>>> print(open('run.txt').read())   # compact mmCIF, N, CA and C atoms
# COMPACT_ATOMS: atom_id res chain seq x y z
N MET U 1 -44.85 161.38 49.02
CA MET U 1 -44.51 160.74 47.76
C MET U 1 -43.86 161.77 46.84
N ILE U 2 -42.75 161.38 46.23
CA ILE U 2 -42.02 162.27 45.34
C ILE U 2 -42.65 162.20 43.95
N ALA U 3 -43.04 163.36 43.44
CA ALA U 3 -43.64 163.46 42.11
C ALA U 3 -42.80 164.42 41.26
N PHE U 4 -43.18 164.55 40.01
CA PHE U 4 -42.46 165.41 39.08
C PHE U 4 -42.20 166.80 39.66
N GLU U 5 -43.19 167.39 40.30
CA GLU U 5 -43.06 168.75 40.84
C GLU U 5 -41.96 168.87 41.90
N ASP U 6 -41.58 167.78 42.50
CA ASP U 6 -40.55 167.78 43.55
C ASP U 6 -39.13 167.69 43.00
N LEU U 7 -39.01 167.66 41.68
CA LEU U 7 -37.71 167.42 41.06
C LEU U 7 -37.34 168.55 40.08
N PRO U 8 -37.24 169.78 40.58
CA PRO U 8 -36.89 170.89 39.69
C PRO U 8 -35.40 170.88 39.34
N ALA U 9 -35.07 171.48 38.21
CA ALA U 9 -33.67 171.60 37.81
C ALA U 9 -32.89 172.27 38.93
N GLY U 10 -31.71 171.75 39.20
CA GLY U 10 -30.84 172.28 40.24
C GLY U 10 -30.94 171.56 41.57
N ARG U 11 -31.99 170.79 41.78
CA ARG U 11 -32.12 170.07 43.04
C ARG U 11 -31.04 168.98 43.14
N ILE U 12 -30.39 168.94 44.28
CA ILE U 12 -29.41 167.89 44.57
C ILE U 12 -30.00 167.00 45.64
N ILE U 13 -30.00 165.71 45.37
CA ILE U 13 -30.59 164.74 46.29
C ILE U 13 -29.46 163.87 46.85
N PRO U 14 -29.12 164.05 48.13
CA PRO U 14 -28.13 163.16 48.75
C PRO U 14 -28.72 161.76 48.87
N LEU U 15 -27.94 160.76 48.50
CA LEU U 15 -28.42 159.38 48.54
C LEU U 15 -27.72 158.53 49.59
N GLY U 16 -26.85 159.15 50.37
CA GLY U 16 -26.21 158.43 51.46
C GLY U 16 -24.88 157.81 51.07
N GLU U 17 -24.37 157.02 51.99
CA GLU U 17 -23.03 156.43 51.86
C GLU U 17 -23.12 154.91 51.93
N VAL U 18 -22.12 154.28 51.30
CA VAL U 18 -21.98 152.83 51.35
C VAL U 18 -20.50 152.51 51.49
N ILE U 19 -20.18 151.57 52.36
CA ILE U 19 -18.82 151.03 52.45
C ILE U 19 -18.79 149.80 51.54
N VAL U 20 -17.87 149.78 50.59
CA VAL U 20 -17.80 148.68 49.63
C VAL U 20 -17.34 147.41 50.35
N ASP U 21 -18.17 146.39 50.29
CA ASP U 21 -17.91 145.11 50.93
C ASP U 21 -17.18 144.19 49.95
N ARG U 22 -16.02 143.68 50.36
CA ARG U 22 -15.19 142.86 49.48
C ARG U 22 -15.94 141.62 48.97
N ASP U 23 -16.56 140.88 49.87
CA ASP U 23 -17.22 139.65 49.47
C ASP U 23 -18.36 139.92 48.49
N ASP U 24 -19.14 140.95 48.76
CA ASP U 24 -20.24 141.33 47.88
C ASP U 24 -19.70 141.76 46.51
N MET U 25 -18.62 142.54 46.52
CA MET U 25 -17.98 143.03 45.31
C MET U 25 -17.49 141.87 44.43
N VAL U 26 -16.82 140.90 45.04
CA VAL U 26 -16.28 139.75 44.31
C VAL U 26 -17.42 138.83 43.85
N ASP U 27 -18.42 138.65 44.69
CA ASP U 27 -19.57 137.82 44.30
C ASP U 27 -20.26 138.41 43.07
N PHE U 28 -20.44 139.71 43.06
CA PHE U 28 -21.03 140.38 41.90
C PHE U 28 -20.17 140.10 40.65
N ALA U 29 -18.86 140.27 40.80
CA ALA U 29 -17.96 140.05 39.67
C ALA U 29 -18.05 138.62 39.16
N ARG U 30 -18.10 137.65 40.06
CA ARG U 30 -18.22 136.25 39.64
C ARG U 30 -19.46 136.04 38.78
N LYS U 31 -20.56 136.67 39.18
CA LYS U 31 -21.83 136.48 38.49
C LYS U 31 -21.92 137.28 37.19
N PHE U 32 -21.38 138.51 37.18
CA PHE U 32 -21.71 139.41 36.08
C PHE U 32 -20.52 140.01 35.32
N ASP U 33 -19.34 140.03 35.90
CA ASP U 33 -18.19 140.68 35.25
C ASP U 33 -16.90 139.99 35.69
N PRO U 34 -16.74 138.70 35.32
CA PRO U 34 -15.64 137.91 35.87
C PRO U 34 -14.27 138.17 35.22
N GLN U 35 -13.86 139.41 35.21
CA GLN U 35 -12.52 139.74 34.75
C GLN U 35 -11.55 139.51 35.92
N PRO U 36 -10.32 139.08 35.63
CA PRO U 36 -9.39 138.70 36.70
C PRO U 36 -9.16 139.79 37.76
N PHE U 37 -9.05 141.04 37.38
CA PHE U 37 -8.78 142.11 38.35
C PHE U 37 -9.97 142.42 39.25
N HIS U 38 -11.14 141.83 38.94
CA HIS U 38 -12.32 141.94 39.81
C HIS U 38 -12.45 140.74 40.75
N LEU U 39 -11.66 139.69 40.48
CA LEU U 39 -11.82 138.43 41.21
C LEU U 39 -10.63 138.04 42.07
N ASP U 40 -9.44 138.48 41.70
CA ASP U 40 -8.22 137.97 42.31
C ASP U 40 -7.31 139.11 42.74
N GLU U 41 -6.87 139.07 44.00
CA GLU U 41 -5.99 140.12 44.55
C GLU U 41 -4.73 140.32 43.72
N GLU U 42 -4.05 139.22 43.40
CA GLU U 42 -2.79 139.34 42.65
C GLU U 42 -3.02 139.88 41.25
N ALA U 43 -4.06 139.40 40.58
CA ALA U 43 -4.37 139.92 39.25
C ALA U 43 -4.68 141.42 39.33
N GLY U 44 -5.35 141.82 40.39
CA GLY U 44 -5.64 143.24 40.59
C GLY U 44 -4.38 144.05 40.80
N ARG U 45 -3.44 143.52 41.62
CA ARG U 45 -2.17 144.22 41.86
C ARG U 45 -1.36 144.36 40.58
N ASN U 46 -1.45 143.36 39.71
CA ASN U 46 -0.70 143.38 38.46
C ASN U 46 -1.41 144.14 37.34
N SER U 47 -2.54 144.72 37.64
CA SER U 47 -3.30 145.48 36.64
C SER U 47 -3.04 146.98 36.82
N ILE U 48 -3.60 147.76 35.95
CA ILE U 48 -3.47 149.22 36.07
C ILE U 48 -4.22 149.76 37.28
N PHE U 49 -5.06 148.93 37.90
CA PHE U 49 -5.85 149.37 39.05
C PHE U 49 -5.10 149.29 40.37
N GLY U 50 -3.98 148.56 40.40
CA GLY U 50 -3.15 148.50 41.59
C GLY U 50 -3.71 147.64 42.72
N GLY U 51 -4.77 146.95 42.49
CA GLY U 51 -5.36 146.09 43.50
C GLY U 51 -6.70 145.57 43.02
N LEU U 52 -7.25 144.64 43.78
CA LEU U 52 -8.57 144.11 43.47
C LEU U 52 -9.54 145.28 43.34
N SER U 53 -10.24 145.37 42.23
CA SER U 53 -11.13 146.51 42.02
C SER U 53 -12.55 146.05 41.69
N ALA U 54 -13.48 146.89 42.05
CA ALA U 54 -14.89 146.60 41.78
C ALA U 54 -15.19 146.78 40.30
N SER U 55 -16.09 145.97 39.80
CA SER U 55 -16.63 146.20 38.47
C SER U 55 -17.34 147.55 38.48
N GLY U 56 -17.23 148.28 37.39
CA GLY U 56 -17.98 149.53 37.28
C GLY U 56 -19.48 149.29 37.38
N TRP U 57 -19.91 148.13 36.88
CA TRP U 57 -21.33 147.79 36.97
C TRP U 57 -21.75 147.56 38.42
N TYR U 58 -20.84 147.08 39.25
CA TYR U 58 -21.12 146.94 40.68
C TYR U 58 -21.31 148.31 41.30
N THR U 59 -20.42 149.24 40.98
CA THR U 59 -20.55 150.60 41.49
C THR U 59 -21.89 151.19 41.06
N ALA U 60 -22.25 150.96 39.79
CA ALA U 60 -23.53 151.44 39.28
C ALA U 60 -24.70 150.82 40.06
N SER U 61 -24.57 149.54 40.38
CA SER U 61 -25.66 148.88 41.11
C SER U 61 -25.79 149.39 42.54
N LEU U 62 -24.65 149.74 43.16
CA LEU U 62 -24.71 150.34 44.50
C LEU U 62 -25.44 151.69 44.44
N TRP U 63 -25.12 152.49 43.40
CA TRP U 63 -25.81 153.78 43.23
C TRP U 63 -27.31 153.54 43.03
N MET U 64 -27.64 152.59 42.17
CA MET U 64 -29.06 152.34 41.87
C MET U 64 -29.83 151.92 43.11
N ARG U 65 -29.20 151.11 43.95
CA ARG U 65 -29.88 150.68 45.18
C ARG U 65 -30.22 151.88 46.06
N ARG U 66 -29.28 152.82 46.18
CA ARG U 66 -29.52 154.02 46.99
C ARG U 66 -30.63 154.87 46.35
N TRP U 67 -30.63 154.99 45.03
CA TRP U 67 -31.65 155.77 44.30
C TRP U 67 -33.04 155.17 44.55
N VAL U 68 -33.13 153.85 44.50
CA VAL U 68 -34.41 153.20 44.77
C VAL U 68 -34.82 153.43 46.22
N ASP U 69 -33.90 153.22 47.16
CA ASP U 69 -34.25 153.37 48.58
C ASP U 69 -34.66 154.79 48.94
N VAL U 70 -33.98 155.78 48.40
CA VAL U 70 -34.21 157.17 48.80
C VAL U 70 -35.29 157.84 47.96
N VAL U 71 -35.38 157.52 46.67
CA VAL U 71 -36.30 158.23 45.79
C VAL U 71 -37.39 157.33 45.22
N LEU U 72 -37.02 156.34 44.46
CA LEU U 72 -38.01 155.60 43.66
C LEU U 72 -39.03 154.83 44.47
N SER U 73 -38.64 154.31 45.62
CA SER U 73 -39.57 153.47 46.40
C SER U 73 -40.78 154.23 46.90
N ASP U 74 -40.69 155.55 46.96
CA ASP U 74 -41.83 156.36 47.39
C ASP U 74 -41.99 157.52 46.41
N SER U 75 -42.25 157.16 45.15
CA SER U 75 -42.35 158.19 44.11
C SER U 75 -43.38 157.77 43.07
N THR U 76 -43.59 158.66 42.13
CA THR U 76 -44.49 158.39 41.01
C THR U 76 -43.71 157.91 39.79
N SER U 77 -42.53 157.34 40.00
CA SER U 77 -41.66 156.90 38.90
C SER U 77 -42.39 155.97 37.94
N GLN U 78 -42.15 156.22 36.66
CA GLN U 78 -42.69 155.39 35.59
C GLN U 78 -41.57 154.75 34.79
N GLY U 79 -40.38 154.63 35.40
CA GLY U 79 -39.25 154.01 34.72
C GLY U 79 -38.36 155.05 34.05
N SER U 80 -37.58 154.57 33.09
CA SER U 80 -36.60 155.43 32.43
C SER U 80 -36.45 155.03 30.97
N PRO U 81 -36.37 156.01 30.08
CA PRO U 81 -36.10 155.68 28.68
C PRO U 81 -34.61 155.51 28.40
N GLY U 82 -33.76 155.70 29.41
CA GLY U 82 -32.33 155.49 29.24
C GLY U 82 -31.49 156.69 29.58
N GLY U 83 -30.24 156.63 29.16
CA GLY U 83 -29.30 157.69 29.49
C GLY U 83 -28.38 157.98 28.34
N ARG U 84 -27.42 158.89 28.59
CA ARG U 84 -26.52 159.28 27.51
C ARG U 84 -25.06 159.34 27.92
N GLU U 85 -24.75 159.15 29.16
CA GLU U 85 -23.36 159.16 29.61
C GLU U 85 -23.17 158.11 30.70
N LEU U 86 -21.97 157.55 30.74
CA LEU U 86 -21.61 156.61 31.79
C LEU U 86 -20.10 156.62 31.92
N SER U 87 -19.60 157.01 33.08
CA SER U 87 -18.15 157.11 33.27
C SER U 87 -17.73 156.51 34.60
N TRP U 88 -16.75 155.60 34.53
CA TRP U 88 -16.07 155.09 35.71
C TRP U 88 -14.73 155.81 35.74
N LEU U 89 -14.60 156.78 36.62
CA LEU U 89 -13.48 157.72 36.57
C LEU U 89 -12.27 157.30 37.39
N ALA U 90 -12.47 156.38 38.32
CA ALA U 90 -11.37 155.88 39.15
C ALA U 90 -11.76 154.52 39.68
N PRO U 91 -10.78 153.64 39.91
CA PRO U 91 -11.13 152.33 40.44
C PRO U 91 -11.69 152.43 41.85
N VAL U 92 -12.60 151.52 42.13
CA VAL U 92 -13.21 151.42 43.46
C VAL U 92 -12.71 150.12 44.08
N HIS U 93 -12.33 150.18 45.36
CA HIS U 93 -11.76 149.03 46.05
C HIS U 93 -12.58 148.69 47.29
N ALA U 94 -12.44 147.47 47.75
CA ALA U 94 -13.09 147.04 48.99
C ALA U 94 -12.69 147.97 50.13
N GLY U 95 -13.66 148.33 50.94
CA GLY U 95 -13.42 149.22 52.07
C GLY U 95 -13.61 150.69 51.74
N ASP U 96 -13.70 151.04 50.46
CA ASP U 96 -13.93 152.44 50.10
C ASP U 96 -15.29 152.89 50.62
N LYS U 97 -15.33 154.11 51.12
CA LYS U 97 -16.61 154.71 51.49
C LYS U 97 -17.05 155.60 50.34
N LEU U 98 -18.17 155.25 49.72
CA LEU U 98 -18.70 156.01 48.59
C LEU U 98 -19.91 156.82 49.04
N THR U 99 -19.94 158.05 48.59
CA THR U 99 -21.06 158.95 48.87
C THR U 99 -21.79 159.18 47.55
N PHE U 100 -23.09 158.90 47.55
CA PHE U 100 -23.90 158.96 46.35
C PHE U 100 -24.82 160.17 46.35
N ALA U 101 -25.08 160.69 45.15
CA ALA U 101 -26.01 161.81 45.00
C ALA U 101 -26.62 161.79 43.61
N ALA U 102 -27.68 162.55 43.46
CA ALA U 102 -28.29 162.79 42.15
C ALA U 102 -28.56 164.28 42.04
N GLU U 103 -28.23 164.86 40.91
CA GLU U 103 -28.52 166.27 40.65
C GLU U 103 -29.46 166.37 39.47
N VAL U 104 -30.59 167.05 39.66
CA VAL U 104 -31.54 167.23 38.57
C VAL U 104 -30.97 168.29 37.62
N LEU U 105 -30.76 167.89 36.37
CA LEU U 105 -30.20 168.79 35.37
C LEU U 105 -31.29 169.56 34.63
N SER U 106 -32.40 168.88 34.35
CA SER U 106 -33.52 169.54 33.68
C SER U 106 -34.79 168.75 33.98
N ALA U 107 -35.90 169.43 33.86
CA ALA U 107 -37.20 168.80 34.10
C ALA U 107 -38.23 169.49 33.22
N ARG U 108 -39.01 168.68 32.51
CA ARG U 108 -40.05 169.24 31.65
C ARG U 108 -41.20 168.25 31.54
N LEU U 109 -42.37 168.78 31.27
CA LEU U 109 -43.52 167.92 31.03
C LEU U 109 -43.49 167.44 29.58
N SER U 110 -43.94 166.22 29.38
CA SER U 110 -44.02 165.65 28.04
C SER U 110 -45.05 166.40 27.21
N LYS U 111 -44.74 166.61 25.95
CA LYS U 111 -45.69 167.27 25.04
C LYS U 111 -46.86 166.34 24.71
N SER U 112 -46.58 165.06 24.56
CA SER U 112 -47.63 164.12 24.17
C SER U 112 -48.41 163.57 25.37
N ARG U 113 -47.80 163.60 26.55
CA ARG U 113 -48.45 163.11 27.77
C ARG U 113 -48.25 164.16 28.86
N PRO U 114 -49.12 165.16 28.91
CA PRO U 114 -48.88 166.31 29.80
C PRO U 114 -48.85 165.99 31.30
N ASN U 115 -49.24 164.80 31.70
CA ASN U 115 -49.16 164.41 33.11
C ASN U 115 -47.85 163.68 33.43
N LEU U 116 -46.99 163.52 32.41
CA LEU U 116 -45.73 162.79 32.58
C LEU U 116 -44.56 163.75 32.47
N GLY U 117 -43.74 163.78 33.52
CA GLY U 117 -42.56 164.62 33.52
C GLY U 117 -41.31 163.84 33.18
N LEU U 118 -40.43 164.47 32.42
CA LEU U 118 -39.13 163.89 32.06
C LEU U 118 -38.06 164.64 32.84
N VAL U 119 -37.36 163.91 33.68
CA VAL U 119 -36.37 164.50 34.59
C VAL U 119 -35.00 163.95 34.22
N GLU U 120 -34.12 164.82 33.72
CA GLU U 120 -32.76 164.40 33.42
C GLU U 120 -31.91 164.69 34.66
N PHE U 121 -31.11 163.70 35.04
CA PHE U 121 -30.31 163.86 36.25
C PHE U 121 -28.92 163.26 36.04
N ALA U 122 -27.98 163.76 36.84
CA ALA U 122 -26.63 163.19 36.90
C ALA U 122 -26.52 162.43 38.21
N GLY U 123 -26.16 161.17 38.12
CA GLY U 123 -25.90 160.36 39.30
C GLY U 123 -24.40 160.32 39.53
N THR U 124 -23.99 160.45 40.79
CA THR U 124 -22.56 160.48 41.09
C THR U 124 -22.22 159.63 42.31
N ALA U 125 -20.96 159.18 42.32
CA ALA U 125 -20.38 158.54 43.51
C ALA U 125 -19.02 159.19 43.73
N HIS U 126 -18.80 159.62 44.95
CA HIS U 126 -17.51 160.20 45.35
C HIS U 126 -16.86 159.32 46.42
N ARG U 127 -15.54 159.26 46.37
CA ARG U 127 -14.73 158.68 47.45
C ARG U 127 -13.99 159.89 48.01
N GLY U 128 -14.46 160.39 49.15
CA GLY U 128 -13.94 161.66 49.65
C GLY U 128 -14.29 162.75 48.65
N ASP U 129 -13.29 163.50 48.21
CA ASP U 129 -13.51 164.55 47.22
C ASP U 129 -13.39 164.06 45.79
N GLU U 130 -13.00 162.80 45.61
CA GLU U 130 -12.75 162.27 44.27
C GLU U 130 -14.02 161.68 43.65
N LEU U 131 -14.36 162.17 42.47
CA LEU U 131 -15.48 161.62 41.72
C LEU U 131 -15.03 160.31 41.08
N VAL U 132 -15.71 159.21 41.41
CA VAL U 132 -15.31 157.90 40.88
C VAL U 132 -16.32 157.35 39.87
N TYR U 133 -17.54 157.90 39.85
CA TYR U 133 -18.59 157.39 38.98
C TYR U 133 -19.55 158.53 38.66
N ARG U 134 -19.95 158.59 37.38
CA ARG U 134 -20.93 159.61 36.97
C ARG U 134 -21.70 159.08 35.78
N PHE U 135 -22.99 159.34 35.78
CA PHE U 135 -23.79 159.03 34.60
C PHE U 135 -24.92 160.03 34.49
N VAL U 136 -25.47 160.15 33.30
CA VAL U 136 -26.61 161.03 33.05
C VAL U 136 -27.72 160.19 32.45
N ALA U 137 -28.90 160.30 33.01
CA ALA U 137 -30.05 159.53 32.54
C ALA U 137 -31.31 160.36 32.72
N THR U 138 -32.39 159.83 32.20
CA THR U 138 -33.70 160.47 32.30
C THR U 138 -34.65 159.55 33.05
N GLY U 139 -35.37 160.12 33.99
CA GLY U 139 -36.41 159.39 34.69
C GLY U 139 -37.77 159.97 34.31
N MET U 140 -38.77 159.15 34.34
CA MET U 140 -40.14 159.60 34.06
C MET U 140 -40.95 159.53 35.35
N PHE U 141 -41.58 160.66 35.70
CA PHE U 141 -42.38 160.76 36.91
C PHE U 141 -43.71 161.42 36.57
N THR U 142 -44.79 160.87 37.10
CA THR U 142 -46.06 161.53 36.86
C THR U 142 -46.19 162.76 37.75
N ALA U 143 -46.96 163.72 37.25
CA ALA U 143 -47.23 164.95 37.98
C ALA U 143 -48.43 164.74 38.89
N ARG U 144 -48.51 165.54 39.93
CA ARG U 144 -49.64 165.45 40.84
C ARG U 144 -50.92 165.98 40.19
N GLY U 145 -50.74 167.05 39.42
CA GLY U 145 -51.84 167.78 38.80
C GLY U 145 -52.87 166.94 38.19
>>> encode(input="run.txt", output="structure tokens")
Amino acid sequence: MIAFEDLPAGRIIPLGEVIVDRDDMVDFARKFDPQPFHLDEEAGRNSIFGGLSASGWYTASLWMRRWVDVVLSDSTSQGSPGGRELSWLAPVHAGDKLTFAAEVLSARLSKSRPNLGLVEFAGTAHRGDELVYRFVATGMFTARG
């Protein structure tokens, strides 16, 4: 089980890869972000994205799924108070292979709850060498102690 002590500053956690599925991408857009360039090939080609593109929120949800599967599902996670950065740096398209990771930026025990650790991390998605998604957030994990 992953606890606060397992998440020191500087640790990089590989979260694996996902191939973006067109149908899943468009279905997500229909439900949550129905902008034309997320739904229609021609609208995507006529946009600044040059083709049908994934919603940034879809990319974020793919990252979150990997984070849950690799870290949170077997951890002492107590949720998150939020984050401070969110960047969609390049369009994501169907068929793209995205590689996900999390880097622990800082970790400290809470002053008011000494058994609760606050872990700030950067979540990323790369397509090859290109960074396409990045955010910074804080997770709360209980300590073993």
>>> residues_near_point(input="run.txt", point="(-42.5, 166.5, 30.9)", cutoff="9 Å", atoms="only C-alpha atoms", output="MDAnalysis selection string")
chainID U and resid 4 107:119 140:143
>>> residues_around(input="run.txt", residues="region 54-67 of chain U", least_positions_apart="5", cutoff="6.5 Å", atoms="all atoms listed in the file", output="PDB file with N, CA and C atoms, keeping the file's coordinate frame")
ATOM      1  N   LEU U  15     -27.940 160.760  48.500  1.00  0.00           N
ATOM      2  CA  LEU U  15     -28.420 159.380  48.540  1.00  0.00           C
ATOM      3  C   LEU U  15     -27.720 158.530  49.590  1.00  0.00           C
ATOM      4  N   MET U  25     -18.620 142.540  46.520  1.00  0.00           N
ATOM      5  CA  MET U  25     -17.980 143.030  45.310  1.00  0.00           C
ATOM      6  C   MET U  25     -17.490 141.870  44.430  1.00  0.00           C
ATOM      7  N   ALA U  29     -18.860 140.270  40.800  1.00  0.00           N
ATOM      8  CA  ALA U  29     -17.960 140.050  39.670  1.00  0.00           C
ATOM      9  C   ALA U  29     -18.050 138.620  39.160  1.00  0.00           C
ATOM     10  N   PHE U  37      -9.050 141.040  37.380  1.00  0.00           N
ATOM     11  CA  PHE U  37      -8.780 142.110  38.350  1.00  0.00           C
ATOM     12  C   PHE U  37      -9.970 142.420  39.250  1.00  0.00           C
ATOM     13  N   HIS U  38     -11.140 141.830  38.940  1.00  0.00           N
ATOM     14  CA  HIS U  38     -12.320 141.940  39.810  1.00  0.00           C
ATOM     15  C   HIS U  38     -12.450 140.740  40.750  1.00  0.00           C
ATOM     16  N   LEU U  72     -37.020 156.340  44.460  1.00  0.00           N
ATOM     17  CA  LEU U  72     -38.010 155.600  43.660  1.00  0.00           C
ATOM     18  C   LEU U  72     -39.030 154.830  44.470  1.00  0.00           C
ATOM     19  N   SER U  73     -38.640 154.310  45.620  1.00  0.00           N
ATOM     20  CA  SER U  73     -39.570 153.470  46.400  1.00  0.00           C
ATOM     21  C   SER U  73     -40.780 154.230  46.900  1.00  0.00           C
ATOM     22  N   TRP U  88     -16.750 155.600  34.530  1.00  0.00           N
ATOM     23  CA  TRP U  88     -16.070 155.090  35.710  1.00  0.00           C
ATOM     24  C   TRP U  88     -14.730 155.810  35.740  1.00  0.00           C
ATOM     25  N   PRO U  91     -10.780 153.640  39.910  1.00  0.00           N
ATOM     26  CA  PRO U  91     -11.130 152.330  40.440  1.00  0.00           C
ATOM     27  C   PRO U  91     -11.690 152.430  41.850  1.00  0.00           C
ATOM     28  N   VAL U  92     -12.600 151.520  42.130  1.00  0.00           N
ATOM     29  CA  VAL U  92     -13.210 151.420  43.460  1.00  0.00           C
ATOM     30  C   VAL U  92     -12.710 150.120  44.080  1.00  0.00           C
ATOM     31  N   HIS U  93     -12.330 150.180  45.360  1.00  0.00           N
ATOM     32  CA  HIS U  93     -11.760 149.030  46.050  1.00  0.00           C
ATOM     33  C   HIS U  93     -12.580 148.690  47.290  1.00  0.00           C
ATOM     34  N   ALA U  94     -12.440 147.470  47.750  1.00  0.00           N
ATOM     35  CA  ALA U  94     -13.090 147.040  48.990  1.00  0.00           C
ATOM     36  C   ALA U  94     -12.690 147.970  50.130  1.00  0.00           C
ATOM     37  N   PHE U 100     -23.090 158.900  47.550  1.00  0.00           N
ATOM     38  CA  PHE U 100     -23.900 158.960  46.350  1.00  0.00           C
ATOM     39  C   PHE U 100     -24.820 160.170  46.350  1.00  0.00           C
TER      40      PHE U 100
END
>>> residues_around(input="run.txt", residues="Glu42 (chain U)", least_positions_apart="5", cutoff="8 Å", atoms="all atoms listed in the file", output="JSON, numbers by chain")
{"U": [36, 37, 47, 50, 51, 52]}
>>> atom_distance(input="run.txt", atom1="CA of Gln78 (chain U)", atom2="CA of Thr124 (chain U)")
21.5 Å
>>> closest_residue(input="run.txt", among="U:Asp40, U:Asp6, U:Asp27, U:Glu17", to="Lys97 (chain U)", atoms="all atoms listed in the file")
U:Glu17
>>> atom_distance(input="run.txt", atom1="atom N of Phe135 (chain U)", atom2="atom C of Ala9 (chain U)")
16.6 Å
>>> select_by_dssp(input="run.txt", residues="region 21-62 of chain U", states="helix (DSSP H, G or I)", output="tab-separated table (two decimals) with N, CA and C atoms, keeping the file's coordinate frame")
chain	number	residue	atom	x	y	z
U	22	ARG	N	-16.02	143.68	50.36
U	22	ARG	CA	-15.19	142.86	49.48
U	22	ARG	C	-15.94	141.62	48.97
U	23	ASP	N	-16.56	140.88	49.87
U	23	ASP	CA	-17.22	139.65	49.47
U	23	ASP	C	-18.36	139.92	48.49
U	24	ASP	N	-19.14	140.95	48.76
U	24	ASP	CA	-20.24	141.33	47.88
U	24	ASP	C	-19.70	141.76	46.51
U	25	MET	N	-18.62	142.54	46.52
U	25	MET	CA	-17.98	143.03	45.31
U	25	MET	C	-17.49	141.87	44.43
U	26	VAL	N	-16.82	140.90	45.04
U	26	VAL	CA	-16.28	139.75	44.31
U	26	VAL	C	-17.42	138.83	43.85
U	27	ASP	N	-18.42	138.65	44.69
U	27	ASP	CA	-19.57	137.82	44.30
U	27	ASP	C	-20.26	138.41	43.07
U	28	PHE	N	-20.44	139.71	43.06
U	28	PHE	CA	-21.03	140.38	41.90
U	28	PHE	C	-20.17	140.10	40.65
U	29	ALA	N	-18.86	140.27	40.80
U	29	ALA	CA	-17.96	140.05	39.67
U	29	ALA	C	-18.05	138.62	39.16
U	30	ARG	N	-18.10	137.65	40.06
U	30	ARG	CA	-18.22	136.25	39.64
U	30	ARG	C	-19.46	136.04	38.78
U	31	LYS	N	-20.56	136.67	39.18
U	31	LYS	CA	-21.83	136.48	38.49
U	31	LYS	C	-21.92	137.28	37.19
U	32	PHE	N	-21.38	138.51	37.18
U	32	PHE	CA	-21.71	139.41	36.08
U	32	PHE	C	-20.52	140.01	35.32
U	36	PRO	N	-10.32	139.08	35.63
U	36	PRO	CA	-9.39	138.70	36.70
U	36	PRO	C	-9.16	139.79	37.76
U	37	PHE	N	-9.05	141.04	37.38
U	37	PHE	CA	-8.78	142.11	38.35
U	37	PHE	C	-9.97	142.42	39.25
U	38	HIS	N	-11.14	141.83	38.94
U	38	HIS	CA	-12.32	141.94	39.81
U	38	HIS	C	-12.45	140.74	40.75
U	39	LEU	N	-11.66	139.69	40.48
U	39	LEU	CA	-11.82	138.43	41.21
U	39	LEU	C	-10.63	138.04	42.07
U	41	GLU	N	-6.87	139.07	44.00
U	41	GLU	CA	-5.99	140.12	44.55
U	41	GLU	C	-4.73	140.32	43.72
U	42	GLU	N	-4.05	139.22	43.40
U	42	GLU	CA	-2.79	139.34	42.65
U	42	GLU	C	-3.02	139.88	41.25
U	43	ALA	N	-4.06	139.40	40.58
U	43	ALA	CA	-4.37	139.92	39.25
U	43	ALA	C	-4.68	141.42	39.33
U	44	GLY	N	-5.35	141.82	40.39
U	44	GLY	CA	-5.64	143.24	40.59
U	44	GLY	C	-4.38	144.05	40.80
U	45	ARG	N	-3.44	143.52	41.62
U	45	ARG	CA	-2.17	144.22	41.86
U	45	ARG	C	-1.36	144.36	40.58
U	56	GLY	N	-17.23	148.28	37.39
U	56	GLY	CA	-17.98	149.53	37.28
U	56	GLY	C	-19.48	149.29	37.38
U	57	TRP	N	-19.91	148.13	36.88
U	57	TRP	CA	-21.33	147.79	36.97
U	57	TRP	C	-21.75	147.56	38.42
U	58	TYR	N	-20.84	147.08	39.25
U	58	TYR	CA	-21.12	146.94	40.68
U	58	TYR	C	-21.31	148.31	41.30
U	59	THR	N	-20.42	149.24	40.98
U	59	THR	CA	-20.55	150.60	41.49
U	59	THR	C	-21.89	151.19	41.06
U	60	ALA	N	-22.25	150.96	39.79
U	60	ALA	CA	-23.53	151.44	39.28
U	60	ALA	C	-24.70	150.82	40.06
U	61	SER	N	-24.57	149.54	40.38
U	61	SER	CA	-25.66	148.88	41.11
U	61	SER	C	-25.79	149.39	42.54
U	62	LEU	N	-24.65	149.74	43.16
U	62	LEU	CA	-24.71	150.34	44.50
U	62	LEU	C	-25.44	151.69	44.44
>>> select_by_dssp(input="run.txt", residues="chain U", states="strand (DSSP E)", output="PyMOL selection string")
chain U and resi 12-19+82-88+97-109+116-127+130-142
>>> residues_around(input="run.txt", residues="Asp74 (chain U)", least_positions_apart="4", cutoff="8 Å", atoms="all atoms listed in the file", output="PyMOL selection string")
chain U and resi 1-3+68-70
>>> atom_distance(input="run.txt", atom1="atom C of Glu5 (chain U)", atom2="atom C of Thr99 (chain U)")
23.1 Å
